Amino acid sequence: MKRRAAITFTAALLGLGFWSLTALSADDDEKKAAQEAVLKLVEAMNKGGDVKGQIAAITQKFDELEPIMWVYKPKKKGGIGMGPNGVDDIELTIGKMGGPKYKMTPKKIADLKDDLIRAGELSKAIAAIAEQDKYAQNYAKKDLAKWKNYTKDMKKGADELIQAVKSENADKIKKAATNLSKSCTDCHSDFRE
Ligand code: HEC
């Protein structure tokens with residue numbers, strides 16, 4: 001009996017191992033697919049084309065926002081990230097940038113310009129996805145209006161950031177980074193489990 005119990009136990013462990021392996025790879029595929037879809041949406045938005053169809057397709061394909069929002073993670077974690085080789089986490093970097101200790105020098109502006117514009121563009125695209133009713137219903141049934149407002153704040157902060165970076169104005173960049181980052185943390189603290 002003892003031996004049999006051990007075999008059952010080992011089999012259960014193996015089963016669990018295989019299960020988590022497949023779960024992991026499905027997850028990664030989903031994140032990859034979401035990242036491709038978000039980048040395509042950014043491209044279409046930049047061209048000023050009609051993006052409704054793309055947003056509808058994304059909303060239909062992804063039941064959760066996690067794989068979509070994953071683009072903010074560093075590249076080595078499967079996101080897009082920012083900085084050299086995407087080593088930095090966009091969410092953390094933008095959060096720090098708005099803080100009182102962060103000095104936004106002309107050199108930093110020059111170094112980060114493209115990355116910050118990209119972060120703004122990604123955020124506009126993700127806000128346009130997150131504002132869809134399906135996600136509001138999934139995550140914010142109790143207060144749909146609040147959810148929608150956070151997606152508006154996110155869009156506005158992203159627009160401000162893009163404009164500020166283009167004007168190379170350090171104070172405006174810090175202010176826009178603060179506003180954009182606030183939209184993330186506000187929504188997360190209310191609606192992310
Ligand atoms: C309107 C609400 C809302 C806004 C605004 C929002 N998020 Fe999220 N975010 C969520 C929710 C909800 C989840 C959890 C999704 C899940 O687990 O299914 C999430 C998940 C994430 C994740 C996935 C990993 C994790 O930590 O859970 C990252 C990264 C992320 N958000 C970054 C951001 C950043 C950066 C911004 C702002 C630029 C932002 N989000 C703005 C609602 C929001």
# chains A, B, ... in the order shown; residues from 1 in each chain; ligands from 1
call {"tool": "closest_atom_pairs", "arguments": {"of": "chain A", "to": "ligand 1", "cutoff": "6 Å", "atoms": "only C-alpha atoms and all ligand atoms", "output": "tab-separated table"}}
result
residue	atom	partner	partner_atom_place_in_ligand_line	distance
A:Glu64	CA	ligand 1	18 (O)	4.6
A:Leu65	CA	ligand 1	15 (C)	4.5
A:Glu66	CA	ligand 1	15 (C)	4.0
A:Met69	CA	ligand 1	28 (C)	4.5
A:Trp70	CA	ligand 1	29 (C)	4.7
A:Tyr72	CA	ligand 1	29 (C)	5.1
A:Lys73	CA	ligand 1	29 (C)	5.6
A:Glu91	CA	ligand 1	35 (C)	4.0
A:Ser123	CA	ligand 1	38 (C)	5.4
A:Ala130	CA	ligand 1	1 (C)	5.9
A:Tyr139	CA	ligand 1	12 (C)	5.7
A:Trp147	CA	ligand 1	1 (C)	4.9
A:Tyr150	CA	ligand 1	1 (C)	4.8
A:Thr151	CA	ligand 1	1 (C)	4.6
A:Met154	CA	ligand 1	5 (C)	5.3
A:Leu180	CA	ligand 1	38 (C)	5.7
A:Ser181	CA	ligand 1	37 (C)	5.6
A:Ser183	CA	ligand 1	5 (C)	5.0
A:Cys184	CA	ligand 1	41 (C)	3.5
A:Cys187	CA	ligand 1	2 (C)	4.3
A:His188	CA	ligand 1	42 (C)	5.2
A:Phe191	CA	ligand 1	12 (C)	5.3
A:Arg192	CA	ligand 1	12 (C)	4.2
call {"tool": "write_last_selection", "arguments": {"atoms": "N, CA and C atoms", "output": "CSV table (one decimal), in the first residue's frame"}}
result
chain,number,residue,atom,x,y,z
A,64,GLU,N,-9.7,39.0,-20.7
A,64,GLU,CA,-9.0,39.7,-19.6
A,64,GLU,C,-8.1,40.7,-20.1
A,65,LEU,N,-7.8,41.7,-19.3
A,65,LEU,CA,-6.9,42.8,-19.7
A,65,LEU,C,-5.5,42.4,-19.4
A,66,GLU,N,-5.2,41.4,-18.6
A,66,GLU,CA,-3.9,41.2,-18.2
A,66,GLU,C,-2.9,41.0,-19.4
A,69,MET,N,-2.3,44.5,-20.9
A,69,MET,CA,-1.5,45.4,-20.1
A,69,MET,C,-0.1,44.9,-19.9
A,70,TRP,N,0.1,43.7,-20.2
A,70,TRP,CA,1.5,43.1,-20.0
A,70,TRP,C,2.5,43.8,-20.9
A,72,TYR,N,3.5,46.7,-20.8
A,72,TYR,CA,4.2,47.6,-20.0
A,72,TYR,C,5.4,46.9,-19.3
A,73,LYS,N,5.4,45.6,-19.2
A,73,LYS,CA,6.5,44.9,-18.5
A,73,LYS,C,7.8,45.0,-19.3
A,91,GLU,N,5.6,51.1,-16.3
A,91,GLU,CA,4.8,51.6,-15.2
A,91,GLU,C,5.6,52.2,-14.1
A,123,SER,N,-0.4,53.7,-24.3
A,123,SER,CA,-1.4,53.9,-23.3
A,123,SER,C,-2.7,54.4,-23.9
A,130,ALA,N,-9.5,49.3,-23.0
A,130,ALA,CA,-10.0,49.1,-21.6
A,130,ALA,C,-11.4,49.8,-21.5
A,139,TYR,N,-14.7,44.0,-14.8
A,139,TYR,CA,-13.9,44.4,-13.7
A,139,TYR,C,-14.5,45.5,-12.8
A,147,TRP,N,-14.8,53.5,-13.7
A,147,TRP,CA,-13.9,52.8,-14.6
A,147,TRP,C,-13.7,53.6,-15.9
A,150,TYR,N,-11.5,56.5,-15.4
A,150,TYR,CA,-10.1,56.2,-15.3
A,150,TYR,C,-9.5,56.0,-16.7
A,151,THR,N,-10.3,55.4,-17.6
A,151,THR,CA,-9.8,55.2,-19.0
A,151,THR,C,-9.6,56.6,-19.7
A,154,MET,N,-6.5,58.1,-18.4
A,154,MET,CA,-5.4,57.4,-19.0
A,154,MET,C,-5.1,58.0,-20.4
A,180,LEU,N,-0.5,60.6,-15.9
A,180,LEU,CA,-0.7,59.2,-16.5
A,180,LEU,C,-0.5,58.1,-15.5
A,181,SER,N,0.5,58.2,-14.7
A,181,SER,CA,0.8,57.2,-13.7
A,181,SER,C,-0.4,57.1,-12.7
A,183,SER,N,-3.5,57.6,-13.3
A,183,SER,CA,-4.6,56.9,-13.8
A,183,SER,C,-4.4,55.4,-13.7
A,184,CYS,N,-3.2,54.9,-13.8
A,184,CYS,CA,-2.9,53.5,-13.6
A,184,CYS,C,-3.1,53.1,-12.2
A,187,CYS,N,-6.8,53.3,-10.9
A,187,CYS,CA,-7.7,52.2,-11.4
A,187,CYS,C,-7.3,50.9,-10.8
A,188,HIS,N,-6.0,50.6,-10.7
A,188,HIS,CA,-5.5,49.4,-10.1
A,188,HIS,C,-6.0,49.2,-8.7
A,191,PHE,N,-9.8,48.5,-8.9
A,191,PHE,CA,-10.4,47.4,-9.7
A,191,PHE,C,-9.5,46.2,-10.0
A,192,ARG,N,-8.3,46.2,-9.6
A,192,ARG,CA,-7.4,45.1,-9.9
A,192,ARG,C,-7.4,44.2,-8.7
call {"tool": "closest_residue", "arguments": {"among": "A:Lys148, A:Lys32, A:Ala170, A:Ala110", "to": "Lys134 (chain A)", "atoms": "only C-alpha atoms"}}
result
A:Lys148
call {"tool": "residues_around", "arguments": {"residues": "Met97 (chain A)", "least_positions_apart": "6", "cutoff": "9 Å", "atoms": "only C-alpha atoms", "output": "VMD selection string"}}
result
chain A and resid 103 to 104 173 to 174 177 to 178
call {"tool": "select_by_dssp", "arguments": {"residues": "chain A", "states": "helix (DSSP H, G or I)", "output": "PyMOL selection string"}}
result
chain A and resi 2-47+52-61+66-72+75-77+84-86+90-98+106-130+133-167+170-191
call {"tool": "atom_distance", "arguments": {"atom1": "CA of Lys182 (chain A)", "atom2": "CA of Lys77 (chain A)"}}
result
23.4 Å
call {"tool": "closest_residue", "arguments": {"among": "A:Ala128, A:Asp186, A:Glu168, A:Asp63", "to": "Lys146 (chain A)", "atoms": "only C-alpha atoms"}}
result
A:Asp186
call {"tool": "atom_distance", "arguments": {"atom1": "CA of Asp153 (chain A)", "atom2": "CA of Ala127 (chain A)"}}
result
8.9 Å
